[in-house]
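Q: The structure under discussion is supplied below as structure tokens; questions concerning it will follow.
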Amino acid sequence: MQIISKKPGFLVLLVNTKLPDSGFFLNHPNLNNAPVFAEQMKNIVRMQNCTLPKNCIAGKQSKEMWKCFLAPEIYNSLDSPVFILNSVYDLYQTQCILTEIFVGINNTVHDCSAIPGWFNCTQQMDLCTPEQISVLSSYKDDMLAQMNSSSRWRKQGNGAFLYSCYSHKAMTYPGNWNFITRDNTTMQQAVTRWWLSENESATLHSYLPCTFHPHKPYNCNPTCWPSIIS
């Protein structure tokens with residue numbers, strides 16, 4: 001997660017304003033309804049003895065505090081302005097949440113893209129079946145529902161650029177920053193407009209995604225590379 005402030009002429013880490021890129025990972029079971037990712041995150045918090053945000057853990061039972069390692073929980077507790085950049089068809093989440101399985105002793109090791117029949121789809125969109133595309137779109141709906149359920153989604157000064165590229169951290173790859181578009185606005189233009197704004201309505205700075213087509217070609221956004229992991 002990248003965190004920056006709006007001080008003129010500066011990018012100062014860990015101050016006032018937040019711009020997370022591709023980090024909105026859901027606390028979501030895999031396709032076998034097993035909490036693989038949740039167990040993985042619990043293990044990380046315990047192993048690293050993580051210090052979790054006070055605003056997030058306040059009021060939580062001790063067994064639930066680990067959830068404050070995850071973006072949806074942290075998002076609910078943020079007071080400073082935040083702008084989310086995320087694919088709603090996040091490739092990492094397809095590989096390492098939806099199709100990840102337990103391996104090893106005591107469920108401490110995990111294997112991404114391991115659910116039978118899913119490996120090809122988790123590497124390239126065009127290798128998915130229509131049924132698999134429907135599953136991915138359902139996960140997209142779950143992500144949007146979590147965002148919409150938070151009061152921070154509508155909080156003045158916030159915003160989001162949510163796109164439908166089958167990718168992870170697309171902003172960091174050459175060309176995407178000035179090419180991926182929603183509502184006739186590029187990723188770069190959306191962030192810049194939000195950055196220069198002053199506590200405006202979140203609706204003015206929220207760019208929502210399209211849904212994959214149910215049959216080939218699946219890609220619904222022509223500014224996304226349809227067949228290449230980006």
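Lettering and numbering for the structure tokens are positional, with chains as A, B, ... in the shown order, residues counted from 1 in each chain, and ligands counted from 1 in the shown order.
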Find the spatial neighbours of stretch 142-144 of chain A, counting only C-alpha atoms, within a cut-off of 7 Å - ignore same-chain residues fewer than 4 positions away - and output them as a list in words.
A: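 Close residues of stretch 142-144 of chain A: Leu26, Val88, Ser138 and Asn148 of chain A.
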Q: Go ahead and write the selection's residues with all heavy atoms as an mmCIF file, in the first residue's frame.
A:
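Wrote result-v1.cif, looks like this:
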```cif
data_model
loop_
_atom_site.group_PDB
_atom_site.id
_atom_site.type_symbol
_atom_site.label_atom_id
_atom_site.label_comp_id
_atom_site.auth_asym_id
_atom_site.auth_seq_id
_atom_site.Cartn_x
_atom_site.Cartn_y
_atom_site.Cartn_z
ATOM 1 N N LEU A 26 -9.880 -9.389 -0.394
ATOM 2 C CA LEU A 26 -11.054 -9.763 0.380
ATOM 3 C C LEU A 26 -10.755 -10.919 1.331
ATOM 4 O O LEU A 26 -9.961 -11.805 1.022
ATOM 5 C CB LEU A 26 -12.195 -10.185 -0.554
ATOM 6 C CG LEU A 26 -12.672 -9.171 -1.595
ATOM 7 C CD1 LEU A 26 -13.919 -9.704 -2.292
ATOM 8 C CD2 LEU A 26 -12.935 -7.812 -0.990
ATOM 9 N N VAL A 88 -11.159 -5.007 -10.205
ATOM 10 C CA VAL A 88 -12.166 -5.848 -9.561
ATOM 11 C C VAL A 88 -12.055 -7.294 -10.048
ATOM 12 O O VAL A 88 -12.739 -8.189 -9.532
ATOM 13 C CB VAL A 88 -13.590 -5.306 -9.806
ATOM 14 C CG1 VAL A 88 -13.784 -3.980 -9.091
ATOM 15 C CG2 VAL A 88 -13.876 -5.171 -11.293
ATOM 16 N N SER A 138 -18.741 -12.955 -10.113
ATOM 17 C CA SER A 138 -19.357 -13.025 -8.790
ATOM 18 C C SER A 138 -18.401 -12.493 -7.725
ATOM 19 O O SER A 138 -18.821 -11.780 -6.800
ATOM 20 C CB SER A 138 -19.747 -14.470 -8.477
ATOM 21 O OG SER A 138 -20.321 -14.579 -7.189
ATOM 22 N N ASN A 148 -19.133 -0.848 -1.022
ATOM 23 C CA ASN A 148 -20.369 -0.082 -0.866
ATOM 24 C C ASN A 148 -20.927 -0.160 0.548
ATOM 25 O O ASN A 148 -21.644 0.749 0.982
ATOM 26 C CB ASN A 148 -21.423 -0.590 -1.858
ATOM 27 C CG ASN A 148 -21.342 0.116 -3.194
ATOM 28 O OD1 ASN A 148 -21.642 1.298 -3.294
ATOM 29 N ND2 ASN A 148 -20.916 -0.606 -4.217
#
```
Q: Show me, as a list in words, the residues that have an atom within 9 Å of A:Cys68 when counting only C-alpha atoms, minus same-chain residues fewer than 6 positions from it.
A: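 Non-adjacent residues within range: Leu52, Pro53, Cys56, Ile57 and Ile74 of chain A.
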Q: Would you return as a list in words the members of stretch 31-209 of chain A that DSSP assigns to strand (DSSP E) on this structure's backbone?
A: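 Written out, the strand (DSSP E) residues of stretch 31-209 of chain A are Phe83, Ile84, Leu85, Asn86, Ser87, Ile101, Phe102, Val103, Val109, His110, Asp111, Gly159, Ala160, Phe161, Leu162, Tyr163, Thr181, Arg182, Thr185, Thr186, Ser206 and Tyr207 of chain A.
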Q: Considering only alpha helix (DSSP H) as DSSP defines it on the backbone, what residues of stretch 166-227 of chain A qualify? List them as a ChimeraX atom specification.
A: /A:187-196
Q: Given the choices A:Thr223, A:Asn86, A:Leu70, A:Ser197, which gets closest to A:Asn176 if the distance is worked out from only C-alpha atoms?
A: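 The shortest atom-to-atom distance to A:Asn176 comes from A:Thr223.
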Q: Within 12 Å of A:Met187, counting only C-alpha atoms, which residues show up once you throw out same-chain ones fewer than 4 positions away? Write them as a PyMOL selection string, please.
A: chain A and resi 21+83-87+160-163+170-172+175-183+191-194+205-208+223-224
Q: Using only C-alpha atoms, determine which residues lie at most 6 Å from A:Thr99, disregarding the query and same-chain residues fewer than 5 positions distant; provide the list as a list in words.
A: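 The contact residues come out as Asn30, Ser113, Ala114 and Ile115 of chain A.
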Q: Give me the residues within 7 Å of stretch 31-33 of chain A as a ChimeraX atom specification, counting only C-alpha atoms and dropping any in the same chain fewer than 2 places off.
A: /A:29,35,98-99
Q: Do you know which residues are at most 7 Å from stretch 198-203 of chain A counting only C-alpha atoms, after dropping those on the same chain fewer than 6 positions away, and could you put them as number ranges by chain?
A: A: 154-159
Q: Just how far from atom CA of A:Pro214 is atom CA of A:Pro130, in Å to one decimal?
A: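 Distance between the two atoms: 5.8 Å.
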Q: For the atom pair atom CA of A:Asp79 and atom CA of A:Trp153, what is the interatomic distance in Å to one decimal place?
A: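 Result for atom CA of A:Asp79 versus atom CA of A:Trp153: 11.8 Å, one decimal.
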Q: What is the atom CA of A:Asn49-atom CA of A:Ile97 distance in Å, reported with one decimal?
A: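 If I compute the distance from atom CA of A:Asn49 to atom CA of A:Ile97, I get 22.7 Å.
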Q: Which residues come within 12 Å of A:Thr211, counting only C-alpha atoms, excluding same-chain residues fewer than 2 positions away, as a list in words?
A: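 Using only C-alpha atoms, the neighbours found are Ser87, Val88, Tyr89, Ile133, Ser134, Val135, Leu136, Ser137, Ser138, Tyr139, Lys140, Asp141, Leu144, Leu162, Tyr163, Ser164, Cys165, Tyr166, Leu208, Pro209, His213, Pro214, His215, Tyr218, Asn219, Cys220 and Asn221 of chain A.
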Q: For each of A:Glu73, A:Ile44, A:Trp225, A:Lys67, take the minimum atom-to-atom distance to A:Gln146, counting only C-alpha atoms, then give the residue where this is smallest.
A: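 Ranked by minimum distance to A:Gln146, first place goes to A:Glu73.
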